[in-house]
$ cat my_file.txt   # compact mmCIF, C-alpha atoms
# COMPACT_ATOMS: atom_id res chain seq x y z
CA MET A 1 19.18 1.50 8.15
CA LYS A 2 19.49 4.84 9.93
CA LYS A 3 20.62 3.14 13.17
CA LEU A 4 23.33 1.23 11.34
CA LEU A 5 24.59 4.31 9.57
CA CYS A 6 24.53 6.34 12.80
CA SER A 7 26.75 3.72 14.43
CA PHE A 8 29.01 3.85 11.41
CA VAL A 9 29.23 7.66 11.63
CA LEU A 10 30.10 7.51 15.34
CA SER A 11 32.84 4.95 14.79
CA LEU A 12 34.40 6.98 12.02
CA ALA A 13 34.14 10.15 14.10
CA VAL A 14 36.76 8.65 16.42
CA LEU A 15 39.23 8.81 13.56
CA LEU A 16 38.47 12.49 13.16
CA THR A 17 39.37 13.32 16.77
CA ALA A 18 42.39 10.99 16.88
CA SER A 19 44.30 12.79 14.13
CA THR A 20 44.15 16.56 14.04
CA ALA A 21 47.56 17.15 12.48
CA GLN A 22 46.23 16.94 8.96
CA ALA A 23 42.98 17.77 7.20
CA GLN A 24 40.41 15.01 7.36
CA LYS A 25 38.42 13.82 4.37
CA PHE A 26 34.68 13.37 4.59
CA GLY A 27 31.90 12.39 2.24
CA TYR A 28 28.24 11.56 2.06
CA VAL A 29 26.15 8.74 0.64
CA ASP A 30 22.50 8.61 -0.37
CA SER A 31 21.53 5.31 1.24
CA GLU A 32 17.92 5.62 0.09
CA PHE A 33 19.06 5.83 -3.53
CA VAL A 34 21.40 2.88 -3.11
CA MET A 35 18.69 0.75 -1.51
CA GLY A 36 16.34 1.56 -4.38
CA LYS A 37 18.87 0.19 -6.87
CA LEU A 38 19.14 -3.22 -5.21
CA PRO A 39 16.91 -5.96 -6.67
CA ALA A 40 16.79 -7.69 -3.28
CA TYR A 41 15.22 -4.59 -1.76
CA ALA A 42 12.58 -4.41 -4.51
CA ALA A 43 11.78 -8.10 -3.93
CA ALA A 44 11.45 -7.48 -0.19
CA GLN A 45 9.10 -4.57 -0.79
CA GLN A 46 6.97 -6.66 -3.13
CA GLU A 47 6.71 -9.47 -0.58
CA LEU A 48 5.69 -6.95 2.09
CA ASN A 49 3.02 -5.55 -0.24
CA THR A 50 1.59 -9.03 -0.78
CA LEU A 51 1.58 -9.88 2.92
CA SER A 52 0.01 -6.56 3.84
CA GLY A 53 -2.72 -7.01 1.22
CA ASN A 54 -3.56 -10.50 2.42
CA TRP A 55 -3.72 -9.42 6.06
CA GLN A 56 -5.92 -6.46 5.15
CA LYS A 57 -8.33 -8.73 3.25
CA ASP A 58 -8.54 -10.94 6.33
CA ILE A 59 -9.48 -7.93 8.45
CA GLU A 60 -12.08 -6.83 5.91
CA ASN A 61 -13.67 -10.30 6.02
CA GLN A 62 -13.83 -10.11 9.81
CA LYS A 63 -15.50 -6.71 9.52
CA LYS A 64 -18.12 -8.19 7.18
CA ASP A 65 -18.85 -10.97 9.66
CA LEU A 66 -19.23 -8.38 12.41
CA ASP A 67 -21.58 -6.29 10.30
CA LYS A 68 -23.69 -9.34 9.51
CA LEU A 69 -23.81 -10.25 13.19
CA TYR A 70 -24.96 -6.75 14.11
CA ARG A 71 -27.63 -6.53 11.41
CA THR A 72 -29.03 -9.91 12.43
CA TYR A 73 -29.25 -8.71 16.00
CA GLN A 74 -31.07 -5.53 14.94
CA ALA A 75 -33.61 -7.53 12.92
CA GLU A 76 -34.35 -9.96 15.75
CA GLU A 77 -33.99 -7.63 18.72
CA VAL A 78 -37.74 -7.16 19.31
CA LEU A 79 -38.23 -10.92 19.53
CA LEU A 80 -35.42 -11.57 22.00
CA THR A 81 -35.62 -11.84 25.75
CA GLU A 82 -33.42 -9.58 27.86
CA ALA A 83 -31.09 -12.47 28.53
CA ALA A 84 -30.84 -13.26 24.81
CA LYS A 85 -30.20 -9.60 24.01
CA LYS A 86 -27.38 -9.46 26.53
CA LYS A 87 -25.85 -12.61 25.05
CA ARG A 88 -25.98 -11.18 21.51
CA GLN A 89 -24.55 -7.85 22.63
CA ASP A 90 -21.67 -9.56 24.40
CA GLU A 91 -21.02 -11.60 21.26
CA ILE A 92 -20.86 -8.44 19.12
CA LEU A 93 -18.59 -6.69 21.62
CA LYS A 94 -16.20 -9.62 21.72
CA LYS A 95 -16.06 -9.68 17.93
CA GLU A 96 -15.16 -5.97 17.91
CA GLN A 97 -12.43 -6.56 20.47
CA ASP A 98 -11.06 -9.53 18.52
CA ILE A 99 -10.80 -7.42 15.35
CA LYS A 100 -8.98 -4.67 17.23
CA ALA A 101 -6.56 -7.16 18.81
CA TYR A 102 -5.87 -8.84 15.46
CA GLN A 103 -5.26 -5.54 13.69
CA ASN A 104 -2.86 -4.42 16.42
CA LYS A 105 -1.07 -7.76 16.23
CA ILE A 106 -0.53 -7.37 12.48
CA PHE A 107 -0.22 -3.64 11.82
CA GLY A 108 0.48 -2.20 15.26
CA PHE A 109 3.80 -0.99 16.62
CA GLU A 110 6.28 -3.89 16.41
CA GLY A 111 3.51 -6.05 14.94
CA GLN A 112 3.98 -8.85 12.44
CA LEU A 113 4.34 -6.47 9.49
CA PHE A 114 7.02 -4.48 11.33
CA LYS A 115 8.93 -7.64 12.24
CA LYS A 116 8.62 -9.04 8.72
CA ARG A 117 9.98 -5.80 7.27
CA GLN A 118 13.00 -6.02 9.56
CA GLU A 119 13.54 -9.65 8.62
CA LEU A 120 13.43 -8.97 4.88
CA THR A 121 15.33 -5.68 4.73
CA LYS A 122 18.10 -6.23 7.30
CA PRO A 123 20.25 -8.38 4.97
CA VAL A 124 20.04 -5.66 2.32
CA GLN A 125 20.84 -2.94 4.86
CA ASP A 126 23.85 -4.91 6.08
CA GLN A 127 25.04 -5.27 2.49
CA VAL A 128 24.84 -1.51 1.93
CA PHE A 129 26.53 -0.77 5.27
CA GLU A 130 29.44 -3.08 4.47
CA ALA A 131 29.86 -1.45 1.05
CA ILE A 132 29.92 2.03 2.65
CA GLU A 133 32.54 0.83 5.13
CA ARG A 134 34.75 -0.52 2.34
CA VAL A 135 34.48 2.75 0.40
CA ALA A 136 35.32 4.77 3.52
CA LYS A 137 38.46 2.72 4.10
CA LYS A 138 39.56 2.83 0.45
CA LYS A 139 39.03 6.59 0.18
CA GLN A 140 40.41 7.22 3.69
CA LEU A 141 37.28 9.05 4.80
CA ALA A 142 37.16 10.15 8.42
CA ILE A 143 33.38 10.48 8.42
CA VAL A 144 30.50 9.57 6.11
CA PHE A 145 27.12 11.27 6.29
CA ASP A 146 23.84 9.80 5.04
CA LYS A 147 22.06 12.25 2.75
CA ALA A 148 18.83 10.28 3.15
CA GLY A 149 18.97 10.32 6.96
CA ASP A 150 17.69 12.75 9.58
CA LEU A 151 20.78 14.93 9.25
CA THR A 152 19.75 18.10 7.41
CA MET A 153 22.15 18.91 4.58
CA LEU A 154 21.35 22.41 3.34
CA TYR A 155 24.03 22.22 0.66
CA THR A 156 25.98 19.31 -0.78
CA ASN A 157 28.92 19.57 -3.14
CA PRO A 158 28.88 16.63 -5.56
CA VAL A 159 32.66 16.39 -5.13
CA HIS A 160 32.00 14.78 -1.75
CA ASP A 161 29.30 12.40 -3.02
CA TYR A 162 30.51 8.82 -2.71
CA THR A 163 27.20 7.18 -3.58
CA GLU A 164 28.52 5.99 -6.94
CA PHE A 165 31.49 4.31 -5.28
CA VAL A 166 29.12 2.40 -2.99
CA LEU A 167 27.15 1.30 -6.05
CA GLU A 168 30.43 0.10 -7.58
CA GLU A 169 31.11 -1.96 -4.47
CA LEU A 170 27.69 -3.54 -4.93
CA GLY A 171 28.18 -4.07 -8.67
CA LEU A 172 25.46 -1.56 -9.55
CA ALA A 173 27.47 1.40 -10.89
CA SER A 174 25.98 3.23 -13.87
CA GLU A 175 27.93 4.43 -16.90
CA GLU A 176 27.12 8.06 -16.09
CA LYS A 177 28.92 8.73 -12.82
CA ASN A 178 26.99 10.53 -10.09
CA GLN A 179 23.80 10.50 -12.15
CA PRO A 180 20.67 9.10 -10.47
CA GLY A 181 19.32 6.04 -12.24
CA THR A 182 15.73 4.86 -12.44
CA LYS A 183 14.64 3.41 -9.13
CA GLY A 184 11.71 1.60 -10.67
CA SER A 185 8.16 1.36 -9.39
CA ILE A 186 8.85 -0.01 -5.93
CA GLN A 187 5.61 0.04 -3.99
CA THR A 188 5.55 0.85 -0.31
CA VAL A 189 3.27 -0.92 2.13
CA GLU A 190 0.14 1.16 2.59
CA THR A 191 -1.34 1.80 6.01
CA PRO A 192 -4.49 -0.36 6.28
CA ALA A 193 -7.81 1.41 6.70
CA THR A 194 -9.34 1.01 10.12
CA PRO A 195 -12.67 -0.85 10.35
CA THR A 196 -15.67 1.46 10.07
CA ASP A 197 -18.69 -0.86 10.14
CA GLY A 198 -19.66 -1.88 13.64
CA VAL A 199 -16.20 -1.31 15.11
CA ASP A 200 -15.38 1.73 17.22
CA ALA A 201 -12.99 3.97 15.25
CA GLU A 202 -11.00 4.97 18.31
CA ALA A 203 -10.56 1.36 19.36
CA THR A 204 -8.95 0.41 16.05
CA ASP A 205 -6.66 3.38 15.73
CA VAL A 206 -3.19 1.86 15.70
CA PRO A 207 0.20 3.39 14.91
CA ALA A 208 1.25 3.23 11.29
CA THR A 209 4.42 1.26 10.67
CA THR A 210 4.73 1.79 6.97
CA ARG A 211 7.77 3.26 5.37
CA PRO A 212 7.27 6.87 4.25
CA ALA A 213 7.37 7.68 0.56
CA PRO A 214 10.85 8.65 -0.73
CA ARG A 215 11.64 12.34 -0.84
CA THR A 216 11.88 14.10 -4.18
CA ARG A 217 15.44 15.27 -4.80
CA GLN A 218 17.17 17.14 -7.56
CA PRO A 219 19.64 15.10 -9.69
CA ALA A 220 23.28 15.73 -8.81
CA GLN A 221 25.49 17.34 -11.44
CA PRO A 222 28.04 14.99 -13.04
CA VAL A 223 31.55 15.51 -11.76
CA LYS A 224 34.93 14.11 -12.47
CA ARG A 225 35.51 10.82 -10.78
CA LYS A 226 37.60 10.98 -7.64
CA ASN A 227 40.72 8.92 -7.28

$ encode --input "my_file.txt" --output "C-alpha cells"
Amino acid sequence: MKKLLCSFVLSLAVLLTASTAQAQKFGYVDSEFVMGKLPAYAAAQQELNTLSGNWQKDIENQKKDLDKLYRTYQAEEVLLTEAAKKKRQDEILKKEQDIKAYQNKIFGFEGQLFKKRQELTKPVQDQVFEAIERVAKKKQLAIVFDKAGDLTMLYTNPVHDYTEFVLEELGLASEEKNQPGTKGSIQTVETPATPTDGVDAEATDVPATTRPAPRTRQPAQPVKRKN
C-alpha cells in the first residue's frame, strides 16, 4: 500500500512543479483507516489468520514428532552400537533441519504467508488507490499525503483531510463527516513461536512478516464539508 501511494505522490508532485503561477491545493488521506472500513480487507485478514493458524499447528506437530524421536533415542542410547547412535543422531539432526526449512518457507521473508498476504490485499489496495486518484482529480489536488504512511505529520488540519471523500468514492461514507467509524475487530496475523523442544533456537529464528498493529490516533474534529 505504501509503495502504491508513494508512486501516486510522486506523480502528483509533477503537477506541483509544472504550475507555479497559482497556489496549489494539497490534502492527506488516512489509508489505514480506509482499509479498515473495507469488508474485503477484513475478509482477507480473516483468511490470513486461518492459514497462519493451520501452518503453525503443522509446525507444532512436527516439533512433537521431533521431541518423541529425541526422547526415544535417549531411552535406548545405552543399548545402541556406535553405528546405530550415529544413525539416530543424523535422523534427529535432519528432522531439526526440515522443521527450520519448512518454517522459513512458510513464515520467512517472502515466504508463503507473505505472498498470500500480497495476493489477498493487493486488489483492496488497488481499489483504495484508484479512489484516492479520483478524489485528487475531482478536488484538483496537486499532492496527496498518506497520514498512515512513513511520512511524519506533526500537525494536520482537518480542513485538508480528504479521507471521507475517498470513503464516498468507495461507497463507505458515514453520516458524520470526518468522524472515525468503528473499524471492527480485525485480527492481524501473529508471528509464530519458534520451536523450543529439540530444535536449536537460533536455527529457527526467521524474520517476522506480520503486519504491525494499527497506531492509536486521536479522532479528527468534524469540519464543514469541502466543495

$ atom_distance --input "my_file.txt" --atom1 "atom CA of A:Glu47" --atom2 "atom CA of A:Glu119"
11.5 Å

$ closest_residue --input "my_file.txt" --among "A:Gln112, A:Gln125, A:Ala101, A:Gln118" --to "A:Gly36" --atoms "only C-alpha atoms"
A:Gln125

$ axis_aligned_box --input "my_file.txt" --around "stretch 103-115 of chain A" --padding-each-side "5 Å" --output "AutoDock Vina command-line options"
--center_x 1.8 --center_y -4.9 --center_z 13.1 --size_x 24.2 --size_y 17.9 --size_z 17.1

$ atom_distance --input "my_file.txt" --atom1 "atom CA of A:Pro123" --atom2 "atom CA of A:Gln56"
26.2 Å

$ atom_distance --input "my_file.txt" --atom1 "atom CA of A:Arg117" --atom2 "atom CA of A:Asn54"
15.1 Å

$ closest_residue --input "my_file.txt" --among "A:Val144, A:Leu66, A:Leu48, A:Val78" --to "A:His160" --atoms "only C-alpha atoms"
A:Val144

$ closest_residue --input "my_file.txt" --among "A:Val29, A:Lys116, A:Lys64, A:Ala84" --to "A:Ser52" --atoms "only C-alpha atoms"
A:Lys116

$ closest_residue --input "my_file.txt" --among "A:Glu91, A:Glu76, A:Asp150, A:Glu96" --to "A:Lys63" --atoms "all atoms listed in the file"
A:Glu96

$ residues_around --input "my_file.txt" --residues "A:Leu38" --least-positions-apart "5" --cutoff "10 Å" --atoms "all atoms listed in the file" --output "PyMOL selection string"
chain A and resi 33+43+124+127-128+167+170-172+183

$ write_last_selection --input "my_file.txt" --atoms "C-alpha atoms" --output "compact mmCIF listing (two decimals), keeping the file's coordinate frame"
# COMPACT_ATOMS: atom_id res chain seq x y z
CA PHE A 33 19.06 5.83 -3.53
CA ALA A 43 11.78 -8.10 -3.93
CA VAL A 124 20.04 -5.66 2.32
CA GLN A 127 25.04 -5.27 2.49
CA VAL A 128 24.84 -1.51 1.93
CA LEU A 167 27.15 1.30 -6.05
CA LEU A 170 27.69 -3.54 -4.93
CA GLY A 171 28.18 -4.07 -8.67
CA LEU A 172 25.46 -1.56 -9.55
CA LYS A 183 14.64 3.41 -9.13

$ residues_around --input "my_file.txt" --residues "A:Lys105" --least-positions-apart "2" --cutoff "12 Å" --atoms "only C-alpha atoms" --output "list in words"
Trp55, Ile59, Asp98, Ile99, Lys100, Ala101, Tyr102, Gln103, Phe107, Gly108, Phe109, Glu110, Gly111, Gln112, Leu113, Phe114, Lys115, Thr204, Val206, Pro207 and Thr209 of chain A

$ closest_residue --input "my_file.txt" --among "A:Glu60, A:Glu168, A:Thr72, A:Leu120" --to "A:Gln46" --atoms "all atoms listed in the file"
A:Leu120
